[in-house]
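**Student:** Would you mind keeping the following structure in view while I ask a few things?
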Amino acid sequence: MALEVSTNDASALTDTDLDELAAMEEAFSAGSLSKAKEDWVLITTARFGDALHGFTFSTLERIGGTPCVLIGLMSVKRTSKRDQVLRGLMSEAYHRALMAFPDEDVVVGCRFVNADSVVALKDLDDLTPRPDNDAVGEERAWGRRLAKRFGIDGKYDAKSFISKAGAQDGFLDFESAKPEQLDPDVVEMFDAVPVDKGGVMVVYGWTMAEDLQKLGKR
């Protein structure tokens with residue numbers, strides 16, 4: 001059965017739709033999803049037949065004139081098809097970005113609570129933060145811009161890219177089926193995130209215009 005991915009206006013979600021998202025029973029409550037409906041413009045769902053396997057709340061916008069894909073909240077069901085679902089949701093995000101910003105470099109950013117979910121951004125350039133890079137200057141500035149846009153800048157530390165508490169109303173919720181294959185340096189980097197206190201790490205990367213042509217192609 002083929003994966004079906006579709007995007008609609010988040011404002012059009014009904015209570016029944018929100019109940020379906022909440023019934024996936026992963027990281028987000030009905031209250032968080034209702035807030036996401038208000039905070040983000042687009043809702044993308046991934047289904048096999050009638051069964052919901054993942055969804056994303058997102059927005060395409062410009063920050064300081066720079067095109068951005070902001071993933072406010074994403075959740076992928078813990079099944080054997082989770083990797084395919086994650087790829088499908090990200091491919092849809094890139095397609096939407098290509099339609100909106102066809103000839104421009106684009107920033108893609110989100111909040112994360114574990115190393116597993118960073119695989120979602122594997123096709124991007126200059127992923128920040130990353131273990132082999134001591135981010136400075138403009139790299140840290142982008143972290144601050146994204147933290148402000150996500151509404152988590154009150155307890156955000158620009159050096160670590162971590163917001164220490166009260167920041168989990170949206171993040172990229174994904175757990176690897178093969179955690180033993182995760183990059184140990186990335187796992188160590190996420191050890192600094194106080195997840196139990198509501199902390200997150202802001203991570204972003206770039207897709208160049210020529211790469212977006214490939215990533216967003218249908």
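In the structure tokens, chains take letters A, B, ... by order of appearance, with residues numbered from 1 within each chain and ligands from 1 in the order shown.
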If you run DSSP on this backbone, which residues of stretch 1-171 of chain A come out as strand (DSSP E or B), and could you give them as a PyMOL selection string?

**Tutor:** chain A and resi 3-9+42-48+51-63+66-76+106-112+125-128+130+133+156-157+162-163

**Student:** Please run DSSP on the backbone and report, as a PyMOL selection string, all residues within stretch 12-217 of chain A that come out as alpha helix (DSSP H).

**Tutor:** chain A and resi 15-22+30-39+82-100+137-149+184-190+209-215

**Student:** If you count only C-alpha atoms, which residues fall within 12 Å of stretch 91-103 of chain A, apart from same-chain ones fewer than 3 positions away, as a PyMOL selection string?

**Tutor:** chain A and resi 3-8+42-46+55-62+65-72+74+84-88+106-109+120-124+206-218

**Student:** Have a look at atom CA of A:Ala30 and atom CA of A:Phe190 and let me know their distance in Å, one decimal.

**Tutor:**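 Result for atom CA of A:Ala30 versus atom CA of A:Phe190: 26.8 Å, one decimal.
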
**Student:** What gap, in Å, lies between atom CA of A:Asp39 and atom CA of A:Asp105?

**Tutor:**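 Going from atom CA of A:Asp39 over to atom CA of A:Asp105, I get 24.4 Å.
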
**Student:** Contacts of A:Ala2 at 9 Å or less, counting only C-alpha atoms, minus same-chain residues fewer than 5 places along, as a ChimeraX atom specification?

**Tutor:** /A:47-49

**Student:** Output the selection as a compact mmCIF listing (two decimals), in the first residue's frame - N, CA, C and O atoms for each residue.

**Tutor:**
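This is the output file selection.txt:
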# COMPACT_ATOMS: atom_id res chain seq x y z
N ARG A 47 -0.59 8.90 5.40
CA ARG A 47 -1.48 7.77 5.65
C ARG A 47 -1.14 6.58 4.76
O ARG A 47 -0.71 6.74 3.61
N PHE A 48 -1.35 5.42 5.32
CA PHE A 48 -1.42 4.20 4.54
C PHE A 48 -2.89 3.78 4.55
O PHE A 48 -3.41 3.38 5.60
N GLY A 49 -3.55 3.94 3.41
CA GLY A 49 -4.99 3.72 3.39
C GLY A 49 -5.67 4.75 4.29
O GLY A 49 -5.43 5.95 4.18

**Student:** Could you tell me which of A:Asp169, A:Asn133, A:Glu188, A:Gly199 comes closest to A:Asp157 if we count only C-alpha atoms?

**Tutor:**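 The closest residue to A:Asp157 is A:Gly199.
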
**Student:** What lies within 12 Å of A:Ser29 using only C-alpha atoms, ignoring chain neighbours under 6 positions off, as a list in words?

**Tutor:**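 Non-adjacent residues within range: Leu18, Asp19, Glu20, Leu21, Ala22, Ala23, Lys35, Ala36, Leu73, Ser75, Gln168, Asp169 and Gly170 of chain A.
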
**Student:** Considering only C-alpha atoms, state which residue in the set A:Arg130, A:Arg111, A:Arg78, A:Arg140 is at the smallest distance from A:Phe171.

**Tutor:**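 Result for the nearest residue to A:Phe171: A:Arg111.
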